[in-house]
>>> print(open('data.txt').read())   # compact mmCIF, C-alpha atoms and all ligand atoms
# COMPACT_ATOMS: atom_id res chain seq x y z
CA MET A 1 13.71 0.55 -31.77
CA SER A 2 16.69 0.27 -29.50
CA SER A 3 18.31 2.97 -27.44
CA LEU A 4 20.64 3.09 -24.49
CA ASN A 5 18.00 2.79 -21.85
CA THR A 6 15.63 0.04 -22.90
CA THR A 7 16.77 -2.73 -20.58
CA GLN A 8 14.94 -1.47 -17.52
CA ARG A 9 11.20 -1.54 -18.00
CA ASN A 10 8.96 0.39 -15.68
CA LEU A 11 6.81 -1.75 -13.40
CA PRO A 12 3.14 -1.22 -14.28
CA LEU A 13 1.02 -0.42 -11.21
CA VAL A 14 -2.70 -0.34 -10.54
CA VAL A 15 -3.47 1.64 -7.37
CA LEU A 16 -6.65 1.03 -5.34
CA VAL A 17 -7.90 3.93 -3.22
CA SER A 18 -10.88 5.00 -1.12
CA GLY A 19 -9.90 8.36 0.31
CA ALA A 20 -7.56 11.32 0.25
CA GLY A 21 -4.90 9.73 -1.94
CA THR A 22 -1.83 11.29 -0.36
CA ASN A 23 0.05 8.00 -0.72
CA LEU A 24 -1.03 7.82 -4.36
CA GLN A 25 0.32 11.36 -4.78
CA ALA A 26 3.68 10.39 -3.28
CA ILE A 27 3.89 7.43 -5.67
CA LEU A 28 2.96 9.59 -8.68
CA GLU A 29 5.59 12.14 -7.72
CA ALA A 30 8.29 9.52 -7.27
CA CYS A 31 7.45 8.11 -10.73
CA ALA A 32 7.51 11.59 -12.28
CA GLN A 33 10.86 12.42 -10.65
CA GLY A 34 12.37 9.24 -12.00
CA SER A 35 13.16 7.92 -8.53
CA LEU A 36 10.63 5.08 -8.91
CA PRO A 37 10.90 2.88 -12.04
CA ALA A 38 7.14 2.34 -12.23
CA THR A 39 4.12 3.65 -14.13
CA VAL A 40 0.66 4.06 -12.64
CA GLU A 41 -1.56 2.53 -15.33
CA ALA A 42 -4.86 3.13 -13.54
CA VAL A 43 -6.39 4.23 -10.26
CA ILE A 44 -9.54 2.48 -9.03
CA SER A 45 -11.77 3.68 -6.20
CA ASP A 46 -14.73 2.08 -4.44
CA ARG A 47 -16.00 5.60 -3.65
CA GLY A 48 -16.94 8.11 -6.33
CA THR A 49 -16.20 11.00 -4.00
CA ALA A 50 -12.62 10.00 -3.12
CA PRO A 51 -10.30 13.03 -3.55
CA ALA A 52 -7.69 10.52 -4.75
CA LEU A 53 -9.59 10.40 -8.07
CA GLN A 54 -8.92 14.11 -8.66
CA ARG A 55 -5.24 13.63 -7.94
CA ALA A 56 -5.07 10.83 -10.48
CA ALA A 57 -7.00 12.77 -13.12
CA ALA A 58 -4.75 15.79 -12.59
CA ALA A 59 -1.77 13.56 -13.36
CA GLY A 60 -3.48 12.28 -16.52
CA ILE A 61 -4.03 8.79 -15.12
CA THR A 62 -7.03 6.65 -16.11
CA THR A 63 -9.53 6.34 -13.25
CA HIS A 64 -12.38 3.95 -12.56
CA VAL A 65 -15.05 3.96 -9.86
CA LEU A 66 -16.47 0.60 -8.85
CA GLN A 67 -19.19 1.05 -6.26
CA PRO A 68 -20.10 -1.90 -4.04
CA GLN A 69 -23.79 -0.95 -4.05
CA ASP A 70 -23.92 -1.74 -7.78
CA TYR A 71 -23.09 -5.42 -7.13
CA PRO A 72 -25.24 -8.09 -5.48
CA ASP A 73 -22.51 -9.47 -3.23
CA ARG A 74 -18.81 -9.30 -2.37
CA ALA A 75 -17.86 -12.16 -4.66
CA SER A 76 -19.26 -10.48 -7.76
CA TYR A 77 -17.74 -7.14 -6.80
CA ASP A 78 -14.33 -8.72 -6.29
CA ARG A 79 -14.59 -10.62 -9.59
CA VAL A 80 -15.37 -7.49 -11.59
CA LEU A 81 -12.65 -5.58 -9.76
CA ALA A 82 -10.09 -8.24 -10.69
CA LEU A 83 -11.17 -8.17 -14.36
CA LEU A 84 -10.82 -4.40 -14.40
CA ILE A 85 -7.40 -4.52 -12.76
CA ASP A 86 -6.19 -7.25 -15.12
CA SER A 87 -7.30 -5.23 -18.15
CA HIS A 88 -4.40 -2.91 -17.21
CA ALA A 89 -1.92 -5.81 -16.92
CA PRO A 90 -0.22 -4.60 -13.73
CA GLY A 91 2.93 -6.15 -12.33
CA LEU A 92 1.88 -4.92 -8.89
CA VAL A 93 -1.43 -3.95 -7.28
CA VAL A 94 -1.00 -1.22 -4.68
CA LEU A 95 -3.58 -0.70 -1.90
CA ALA A 96 -3.25 2.94 -0.87
CA GLY A 97 -5.90 3.68 1.71
CA PHE A 98 -8.29 1.13 0.15
CA MET A 99 -10.89 0.48 2.83
CA ARG A 100 -12.62 -2.63 1.58
CA ILE A 101 -11.81 -6.20 2.52
CA LEU A 102 -11.02 -8.41 -0.47
CA ASN A 103 -12.06 -12.05 -0.64
CA ASP A 104 -9.76 -15.06 -0.65
CA ALA A 105 -10.04 -15.74 -4.38
CA PHE A 106 -9.02 -12.15 -5.11
CA VAL A 107 -6.11 -12.21 -2.69
CA GLN A 108 -4.95 -15.57 -4.06
CA HIS A 109 -5.06 -14.27 -7.65
CA TYR A 110 -2.66 -11.44 -6.73
CA ARG A 111 -0.51 -13.38 -4.32
CA GLY A 112 2.97 -11.88 -4.26
CA ARG A 113 1.75 -9.09 -6.55
CA MET A 114 -0.27 -6.98 -4.11
CA VAL A 115 0.92 -4.73 -1.29
CA ASN A 116 -0.79 -2.66 1.39
CA ILE A 117 0.27 0.16 3.68
CA HIS A 118 -1.08 0.18 7.20
CA PRO A 119 -0.56 2.99 9.74
CA ALA A 120 0.90 0.92 12.59
CA LEU A 121 3.86 -1.29 13.39
CA LEU A 122 2.15 -4.59 12.52
CA PRO A 123 1.34 -7.04 14.01
CA LYS A 124 0.16 -4.41 16.46
CA TYR A 125 -3.13 -2.62 15.68
CA ARG A 126 -4.53 -4.60 12.79
CA GLY A 127 -7.85 -3.31 11.45
CA LEU A 128 -9.49 0.09 11.31
CA ARG A 129 -9.31 3.43 13.24
CA THR A 130 -5.69 2.73 13.95
CA HIS A 131 -4.53 6.17 15.08
CA ARG A 132 -7.37 6.52 17.55
CA ARG A 133 -6.52 3.16 19.10
CA VAL A 134 -2.79 3.94 19.16
CA LEU A 135 -3.43 7.13 21.11
CA ALA A 136 -6.02 5.58 23.39
CA ALA A 137 -3.54 2.84 24.27
CA GLY A 138 -0.82 5.36 25.10
CA GLU A 139 1.34 3.65 22.47
CA ARG A 140 4.92 4.90 22.54
CA GLU A 141 5.88 3.59 19.15
CA PRO A 142 3.56 4.52 16.30
CA GLY A 143 4.62 3.91 12.72
CA SER A 144 3.66 2.41 9.41
CA SER A 145 4.09 -0.95 7.70
CA VAL A 146 4.11 -2.13 4.09
CA GLN A 147 3.18 -5.76 3.61
CA PHE A 148 2.26 -8.31 0.99
CA VAL A 149 -1.48 -8.93 1.16
CA THR A 150 -2.38 -12.50 2.04
CA ARG A 151 -5.60 -14.12 3.27
CA GLU A 152 -5.30 -13.03 6.85
CA LEU A 153 -6.51 -9.45 7.26
CA ASP A 154 -3.49 -7.17 7.82
CA GLY A 155 -1.59 -10.40 8.52
CA GLY A 156 0.64 -10.76 5.45
CA PRO A 157 4.45 -10.75 5.68
CA VAL A 158 5.69 -7.24 6.45
CA ILE A 159 8.36 -5.95 4.06
CA ALA A 160 9.38 -2.74 5.81
CA GLN A 161 8.37 -0.50 8.67
CA SER A 162 9.10 3.02 9.75
CA LYS A 163 8.75 4.28 13.30
CA VAL A 164 7.38 7.70 14.17
CA PRO A 165 7.88 9.60 17.44
CA VAL A 166 4.74 10.30 19.47
CA ARG A 167 4.45 13.58 21.36
CA MET A 168 2.72 14.32 24.63
CA ASP A 169 0.19 16.67 23.05
CA ASP A 170 -0.60 14.56 19.98
CA THR A 171 -4.16 14.42 18.75
CA GLU A 172 -5.52 11.90 16.25
CA ARG A 173 -5.00 14.56 13.60
CA SER A 174 -1.41 15.50 14.46
CA LEU A 175 -0.31 11.89 14.82
CA THR A 176 -2.00 10.95 11.54
CA ALA A 177 -0.14 13.76 9.77
CA ARG A 178 3.24 12.63 11.13
CA VAL A 179 2.63 8.99 10.27
CA GLN A 180 1.47 9.92 6.76
CA ALA A 181 4.56 12.05 6.11
CA CYS A 182 6.61 8.97 6.89
CA GLU A 183 4.40 6.76 4.70
CA HIS A 184 5.06 9.05 1.75
CA ARG A 185 8.71 8.03 1.86
CA LEU A 186 8.20 4.44 2.91
CA TYR A 187 5.73 3.34 0.23
CA PRO A 188 7.65 4.59 -2.84
CA GLN A 189 10.82 3.04 -1.39
CA VAL A 190 9.26 -0.41 -0.99
CA ILE A 191 7.65 -0.27 -4.45
CA ARG A 192 11.07 0.65 -5.84
CA TRP A 193 12.59 -2.47 -4.28
CA ILE A 194 9.87 -4.60 -5.85
CA ALA A 195 10.29 -2.86 -9.23
CA GLU A 196 14.02 -3.52 -9.08
CA GLY A 197 13.40 -7.18 -8.28
CA ARG A 198 15.05 -6.89 -4.87
CA VAL A 199 11.97 -7.86 -2.85
CA ARG A 200 9.57 -10.75 -3.43
CA LEU A 201 7.23 -13.06 -1.57
CA ALA A 202 8.29 -16.70 -1.16
CA ASP A 203 5.81 -18.93 0.66
CA GLU A 204 5.01 -16.90 3.78
CA SER A 205 8.24 -14.90 3.85
CA VAL A 206 9.72 -11.81 2.36
CA VAL A 207 12.90 -12.38 0.36
CA PHE A 208 15.16 -9.33 0.22
CA ASP A 209 18.26 -9.40 -2.03
CA GLY A 210 18.02 -13.19 -2.20
CA ALA A 211 17.81 -13.77 1.55
CA ARG A 212 14.72 -14.83 3.49
CA ARG A 213 13.91 -12.24 6.15
CA ARG A 214 12.67 -13.17 9.58
CA SER A 215 11.69 -9.59 10.45
CA PRO A 216 10.83 -6.45 8.49
CA VAL A 217 13.39 -3.96 7.27
CA ILE A 218 13.28 -0.98 9.65
CA MET A 219 13.69 2.21 7.71
CA ASP A 220 16.00 4.70 9.30
CA TRP A 221 15.75 7.71 7.05
CA ASP A 222 19.01 9.24 8.19
CA GLU A 223 20.90 6.30 6.74
CA THR A 224 18.79 4.81 4.03
CA THR A 225 17.40 7.64 1.96
CA SER A 226 18.71 7.54 -1.55
N1 LIG B 301 -8.11 -7.79 2.07
C1 LIG B 301 -7.55 -8.91 2.53
N2 LIG B 301 -8.08 -10.07 2.15
N3 LIG B 301 -6.48 -8.92 3.34
C2 LIG B 301 -5.96 -7.75 3.74
O1 LIG B 301 -4.92 -7.79 4.56
C3 LIG B 301 -6.51 -6.53 3.31
C4 LIG B 301 -7.61 -6.60 2.45
C5 LIG B 301 -8.23 -5.43 2.01
C6 LIG B 301 -7.78 -4.19 2.45
C7 LIG B 301 -6.29 -2.82 3.90
C8 LIG B 301 -6.69 -2.83 5.38
C9 LIG B 301 -5.81 -2.05 6.31
O2 LIG B 301 -4.67 -1.73 5.97
C10 LIG B 301 -6.70 -4.14 3.33
C11 LIG B 301 -6.06 -5.30 3.75
C12 LIG B 301 -10.40 -2.32 5.29
C13 LIG B 301 -10.84 -3.08 6.37
C14 LIG B 301 -12.31 -3.18 6.69
O3 LIG B 301 -12.68 -3.70 7.72
C15 LIG B 301 -9.89 -3.74 7.12
C16 LIG B 301 -8.55 -3.66 6.79
C17 LIG B 301 -8.13 -2.90 5.70
C18 LIG B 301 -9.05 -2.23 4.96
N4 LIG B 301 -13.21 -2.69 5.81
C19 LIG B 301 -14.66 -2.73 5.94
C20 LIG B 301 -15.26 -3.82 5.03
O4 LIG B 301 -16.33 -4.34 5.41
C21 LIG B 301 -15.28 -1.43 5.50
C22 LIG B 301 -14.88 -0.30 6.34
C23 LIG B 301 -15.26 1.04 5.74
O5 LIG B 301 -15.86 1.11 4.65
O6 LIG B 301 -14.94 2.06 6.37
O7 LIG B 301 -14.71 -4.10 3.94
O8 LIG B 301 -6.23 -1.78 7.44
C1 LIG B 302 -2.87 5.85 5.11
O1 LIG B 302 -2.38 6.43 6.27
C2 LIG B 302 -2.90 4.35 5.23
O2 LIG B 302 -1.87 3.87 6.05
C3 LIG B 302 -4.24 4.15 5.88
O3 LIG B 302 -5.09 5.09 5.32
C4 LIG B 302 -4.35 6.22 4.92
C5 LIG B 302 -4.69 6.55 3.50
O4 LIG B 302 -4.32 7.85 3.22
N1 LIG B 302 -4.73 2.85 5.63
C6 LIG B 302 -5.57 2.28 6.47
O5 LIG B 302 -5.91 2.76 7.51
C7 LIG B 302 -6.09 0.96 5.99
N2 LIG B 302 -7.09 0.53 6.90
P1 LIG B 302 -4.27 8.40 1.73
O6 LIG B 302 -5.61 8.12 1.08
O7 LIG B 302 -4.04 9.86 1.89
O8 LIG B 302 -3.15 7.70 1.02
>>> encode(input="data.txt", output="structure tokens")
Amino acid sequence: MSSLNTTQRNLPLVVLVSGAGTNLQAILEACAQGSLPATVEAVISDRGTAPALQRAAAAGITTHVLQPQDYPDRASYDRVLALLIDSHAPGLVVLAGFMRILNDAFVQHYRGRMVNIHPALLPKYRGLRTHRRVLAAGEREPGSSVQFVTRELDGGPVIAQSKVPVRMDDTERSLTARVQACEHRLYPQVIRWIAEGRVRLADESVVFDGARRRSPVIMDWDETTS
């Protein structure tokens, strides 16, 4: 059946989570508002207790829990995870607070089709407990980055970043909250660019509107919100 609006298909997403799921929530809301031409087909968690699962269920999204302790090794876990993801035929796999390292075969399978959000201005502060390390280092420029996932941990090409002001009296909690508020705008925006075909991975670089980028897009919300 044809109608006026059938040319633009929504990008099917599978979102991987481990925790609170506030980024998942921001993505779900952007989809529901029509500001993100994507559909969350499934949410998969490596932890049965992740609050993100409740958020997904509340939005009527299919959820799966795949617990590492039920698999003999990382390779078999990653293989089953990929089969489960592929059963939903996503155009993009979205890591949203997913806390488990994925093996090379997995990362290769989703090359150019998997993104991650990390709470720092990469390449600074790769790895875990980012906010604590940012504060301990007296970092003056916290922020968040969205990148394509490649073999090197937190080392894939960065698509976009957003900076966040740090305050004298910041605690791990207050800084985390400010960075997350910024992530909730950044992640839907980057997924929108991918859904619209404006951003893709070519070799080791991000291509934006047909041009190879040598550095990430820096989001300045005053100018670039749409
Ligand atoms: N996998 C690959 N191959 N490459 C990346 O860049 C990945 C990845 C999987 C997840 C997210 C990431 C982050 O943004 C991510 C990026 C977990 C760990 C980790 O050490 C590191 C980085 C990231 C996520 N995880 C421990 C592990 O043994 C478990 C830690 C825990 O359970 O708390 O998997 O920072
Ligand atoms: C986000 O701040 C994300 O940047 C970070 O975890 C949070 C997940 O929050 N990711 C990492 O630290 C990856 N190591 P959420 O579950 O509420 O979306």
>>> residues_around(input="data.txt", residues="stretch 8-24 of chain A", least_positions_apart="2", cutoff="7 Å", atoms="all atoms listed in the file", output="ChimeraX atom specification")
/A:5-6,26-28,37-47,50-52,85,90-99,184,195
>>> closest_atom_pairs(input="data.txt", of="chain A", to="ligand LIG 301 (chain B)", cutoff="7 Å", atoms="only C-alpha atoms and all ligand atoms", output="JSON lines")
{"residue": "A:Leu95", "atom": "CA", "partner": "B:LIG301", "partner_atom": "C7", "distance": 6.7}
{"residue": "A:Gly97", "atom": "CA", "partner": "B:LIG301", "partner_atom": "C7", "distance": 6.9}
{"residue": "A:Phe98", "atom": "CA", "partner": "B:LIG301", "partner_atom": "C7", "distance": 5.8}
{"residue": "A:Met99", "atom": "CA", "partner": "B:LIG301", "partner_atom": "C12", "distance": 3.8}
{"residue": "A:Arg100", "atom": "CA", "partner": "B:LIG301", "partner_atom": "O7", "distance": 3.5}
{"residue": "A:Ile101", "atom": "CA", "partner": "B:LIG301", "partner_atom": "C5", "distance": 3.7}
{"residue": "A:Leu102", "atom": "CA", "partner": "B:LIG301", "partner_atom": "N1", "distance": 3.9}
{"residue": "A:Asn103", "atom": "CA", "partner": "B:LIG301", "partner_atom": "N2", "distance": 5.2}
{"residue": "A:Asp104", "atom": "CA", "partner": "B:LIG301", "partner_atom": "N2", "distance": 6.0}
{"residue": "A:Val107", "atom": "CA", "partner": "B:LIG301", "partner_atom": "N2", "distance": 5.6}
{"residue": "A:Asn116", "atom": "CA", "partner": "B:LIG301", "partner_atom": "C7", "distance": 6.0}
{"residue": "A:Ile117", "atom": "CA", "partner": "B:LIG301", "partner_atom": "O2", "distance": 5.8}
{"residue": "A:His118", "atom": "CA", "partner": "B:LIG301", "partner_atom": "O2", "distance": 4.2}
{"residue": "A:Arg126", "atom": "CA", "partner": "B:LIG301", "partner_atom": "O8", "distance": 6.3}
{"residue": "A:Gly127", "atom": "CA", "partner": "B:LIG301", "partner_atom": "O8", "distance": 4.6}
{"residue": "A:Leu128", "atom": "CA", "partner": "B:LIG301", "partner_atom": "O8", "distance": 5.4}
{"residue": "A:Val149", "atom": "CA", "partner": "B:LIG301", "partner_atom": "O1", "distance": 5.0}
{"residue": "A:Thr150", "atom": "CA", "partner": "B:LIG301", "partner_atom": "N3", "distance": 5.6}
{"residue": "A:Arg151", "atom": "CA", "partner": "B:LIG301", "partner_atom": "N2", "distance": 4.9}
{"residue": "A:Glu152", "atom": "CA", "partner": "B:LIG301", "partner_atom": "N3", "distance": 5.5}
{"residue": "A:Leu153", "atom": "CA", "partner": "B:LIG301", "partner_atom": "O1", "distance": 3.5}
{"residue": "A:Asp154", "atom": "CA", "partner": "B:LIG301", "partner_atom": "O1", "distance": 3.6}
{"residue": "A:Gly155", "atom": "CA", "partner": "B:LIG301", "partner_atom": "O1", "distance": 5.8}
{"residue": "A:Gly156", "atom": "CA", "partner": "B:LIG301", "partner_atom": "O1", "distance": 6.4}
>>> closest_residue(input="data.txt", among="A:Pro72, A:Gly60, A:Gly112, A:Pro188", to="ligand LIG 302 (chain B)", atoms="only C-alpha atoms and all ligand atoms")
A:Pro188
>>> axis_aligned_box(input="data.txt", around="ligand LIG 302 (chain B)", padding_each_side="5 Å", output="AutoDock Vina command-line options")
--center_x -4.5 --center_y 5.2 --center_z 4.3 --size_x 15.2 --size_y 19.3 --size_z 16.5
>>> residues_around(input="data.txt", residues="A:Tyr125", least_positions_apart="3", cutoff="12 Å", atoms="all atoms listed in the file", output="list of chain:residue names")
A:His118, A:Pro119, A:Ala120, A:Leu121, A:Leu122, A:Leu128, A:Arg129, A:Thr130, A:His131, A:Arg132, A:Arg133, A:Val134, A:Leu135, A:Ala136, A:Ala137, A:Glu139, A:Glu141, A:Pro142, A:Gly143, A:Ser144, A:Ser145, A:Leu153, A:Asp154, A:Gly155
>>> atom_distance(input="data.txt", atom1="atom CA of A:Val65", atom2="atom CA of A:Val80")
11.6 Å
>>> closest_residue(input="data.txt", among="A:Leu175, A:Ala32, A:Met114, A:Val199", to="ligand LIG 302 (chain B)", atoms="all atoms listed in the file")
A:Leu175
>>> closest_residue(input="data.txt", among="A:Arg214, A:Phe106, A:Ala160, A:Arg173", to="A:Tyr77", atoms="all atoms listed in the file")
A:Phe106
>>> atom_distance(input="data.txt", atom1="atom CA of A:Gln189", atom2="atom CA of A:Arg55")
20.3 Å
>>> atom_distance(input="data.txt", atom1="atom O3 of ligand LIG 302 (chain B)", atom2="atom CA of A:Asp78")
20.3 Å
>>> closest_residue(input="data.txt", among="A:Ser205, A:Thr171, A:Gln54, A:Thr62", to="ligand LIG 302 (chain B)", atoms="only C-alpha atoms and all ligand atoms")
A:Gln54
>>> closest_residue(input="data.txt", among="A:Thr63, A:Gln180, A:Ser215, A:Ser174", to="ligand LIG 302 (chain B)", atoms="all atoms listed in the file")
A:Gln180
>>> closest_residue(input="data.txt", among="A:Glu29, A:Asp73, A:Glu183, A:Asp169", to="ligand LIG 302 (chain B)", atoms="only C-alpha atoms and all ligand atoms")
A:Glu183
>>> build_atoms(input="data.txt", residues="stretch 24-34 of chain A", atoms="all heavy atoms", output="PDB file, keeping the file's coordinate frame")
ATOM      1  N   LEU A  24      -1.018   7.844  -2.896  1.00  0.00           N
ATOM      2  CA  LEU A  24      -1.030   7.820  -4.360  1.00  0.00           C
ATOM      3  C   LEU A  24      -0.200   8.980  -4.909  1.00  0.00           C
ATOM      4  O   LEU A  24       0.624   8.810  -5.813  1.00  0.00           O
ATOM      5  CB  LEU A  24      -2.476   7.924  -4.873  1.00  0.00           C
ATOM      6  CG  LEU A  24      -2.616   8.224  -6.362  1.00  0.00           C
ATOM      7  CD1 LEU A  24      -2.137   7.045  -7.211  1.00  0.00           C
ATOM      8  CD2 LEU A  24      -4.065   8.581  -6.704  1.00  0.00           C
ATOM      9  N   GLN A  25      -0.409  10.174  -4.327  1.00  0.00           N
ATOM     10  CA  GLN A  25       0.320  11.360  -4.780  1.00  0.00           C
ATOM     11  C   GLN A  25       1.828  11.174  -4.624  1.00  0.00           C
ATOM     12  O   GLN A  25       2.603  11.518  -5.522  1.00  0.00           O
ATOM     13  CB  GLN A  25      -0.138  12.572  -3.948  1.00  0.00           C
ATOM     14  CG  GLN A  25       0.396  13.896  -4.430  1.00  0.00           C
ATOM     15  CD  GLN A  25      -0.417  14.423  -5.598  1.00  0.00           C
ATOM     16  OE1 GLN A  25      -1.630  14.510  -5.503  1.00  0.00           O
ATOM     17  NE2 GLN A  25       0.239  14.748  -6.691  1.00  0.00           N
ATOM     18  N   ALA A  26       2.239  10.619  -3.514  1.00  0.00           N
ATOM     19  CA  ALA A  26       3.680  10.390  -3.280  1.00  0.00           C
ATOM     20  C   ALA A  26       4.235   9.425  -4.327  1.00  0.00           C
ATOM     21  O   ALA A  26       5.358   9.605  -4.814  1.00  0.00           O
ATOM     22  CB  ALA A  26       3.896   9.857  -1.873  1.00  0.00           C
ATOM     23  N   ILE A  27       3.452   8.405  -4.668  1.00  0.00           N
ATOM     24  CA  ILE A  27       3.890   7.430  -5.670  1.00  0.00           C
ATOM     25  C   ILE A  27       3.974   8.098  -7.049  1.00  0.00           C
ATOM     26  O   ILE A  27       4.957   7.924  -7.778  1.00  0.00           O
ATOM     27  CB  ILE A  27       2.923   6.225  -5.690  1.00  0.00           C
ATOM     28  CG1 ILE A  27       3.052   5.432  -4.379  1.00  0.00           C
ATOM     29  CG2 ILE A  27       3.174   5.332  -6.905  1.00  0.00           C
ATOM     30  CD1 ILE A  27       1.893   4.471  -4.110  1.00  0.00           C
ATOM     31  N   LEU A  28       2.960   8.888  -7.383  1.00  0.00           N
ATOM     32  CA  LEU A  28       2.960   9.590  -8.680  1.00  0.00           C
ATOM     33  C   LEU A  28       4.163  10.519  -8.784  1.00  0.00           C
ATOM     34  O   LEU A  28       4.818  10.593  -9.825  1.00  0.00           O
ATOM     35  CB  LEU A  28       1.667  10.389  -8.855  1.00  0.00           C
ATOM     36  CG  LEU A  28       0.395   9.571  -9.108  1.00  0.00           C
ATOM     37  CD1 LEU A  28      -0.844  10.460  -9.022  1.00  0.00           C
ATOM     38  CD2 LEU A  28       0.470   8.871 -10.470  1.00  0.00           C
ATOM     39  N   GLU A  29       4.468  11.209  -7.691  1.00  0.00           N
ATOM     40  CA  GLU A  29       5.590  12.140  -7.720  1.00  0.00           C
ATOM     41  C   GLU A  29       6.923  11.408  -7.850  1.00  0.00           C
ATOM     42  O   GLU A  29       7.812  11.842  -8.587  1.00  0.00           O
ATOM     43  CB  GLU A  29       5.573  13.049  -6.479  1.00  0.00           C
ATOM     44  CG  GLU A  29       4.514  14.137  -6.629  1.00  0.00           C
ATOM     45  CD  GLU A  29       4.207  14.900  -5.340  1.00  0.00           C
ATOM     46  OE1 GLU A  29       4.999  14.796  -4.378  1.00  0.00           O
ATOM     47  OE2 GLU A  29       3.166  15.593  -5.318  1.00  0.00           O
ATOM     48  N   ALA A  30       7.045  10.291  -7.159  1.00  0.00           N
ATOM     49  CA  ALA A  30       8.290   9.520  -7.270  1.00  0.00           C
ATOM     50  C   ALA A  30       8.466   8.989  -8.695  1.00  0.00           C
ATOM     51  O   ALA A  30       9.581   8.993  -9.230  1.00  0.00           O
ATOM     52  CB  ALA A  30       8.285   8.369  -6.264  1.00  0.00           C
ATOM     53  N   CYS A  31       7.377   8.560  -9.330  1.00  0.00           N
ATOM     54  CA  CYS A  31       7.450   8.110 -10.730  1.00  0.00           C
ATOM     55  C   CYS A  31       7.870   9.271 -11.633  1.00  0.00           C
ATOM     56  O   CYS A  31       8.737   9.119 -12.498  1.00  0.00           O
ATOM     57  CB  CYS A  31       6.096   7.570 -11.204  1.00  0.00           C
ATOM     58  SG  CYS A  31       5.581   6.015 -10.436  1.00  0.00           S
ATOM     59  N   ALA A  32       7.234  10.427 -11.422  1.00  0.00           N
ATOM     60  CA  ALA A  32       7.510  11.590 -12.280  1.00  0.00           C
ATOM     61  C   ALA A  32       8.942  12.075 -12.131  1.00  0.00           C
ATOM     62  O   ALA A  32       9.569  12.492 -13.097  1.00  0.00           O
ATOM     63  CB  ALA A  32       6.532  12.722 -11.955  1.00  0.00           C
ATOM     64  N   GLN A  33       9.471  11.975 -10.906  1.00  0.00           N
ATOM     65  CA  GLN A  33      10.860  12.420 -10.650  1.00  0.00           C
ATOM     66  C   GLN A  33      11.884  11.442 -11.185  1.00  0.00           C
ATOM     67  O   GLN A  33      13.063  11.731 -11.208  1.00  0.00           O
ATOM     68  CB  GLN A  33      11.104  12.516  -9.142  1.00  0.00           C
ATOM     69  CG  GLN A  33      10.539  13.745  -8.482  1.00  0.00           C
ATOM     70  CD  GLN A  33      10.523  13.567  -6.964  1.00  0.00           C
ATOM     71  OE1 GLN A  33      11.147  12.648  -6.437  1.00  0.00           O
ATOM     72  NE2 GLN A  33       9.804  14.439  -6.283  1.00  0.00           N
ATOM     73  N   GLY A  34      11.432  10.255 -11.530  1.00  0.00           N
ATOM     74  CA  GLY A  34      12.370   9.240 -12.000  1.00  0.00           C
ATOM     75  C   GLY A  34      13.021   8.476 -10.876  1.00  0.00           C
ATOM     76  O   GLY A  34      13.929   7.677 -11.096  1.00  0.00           O
TER      77      GLY A  34
END
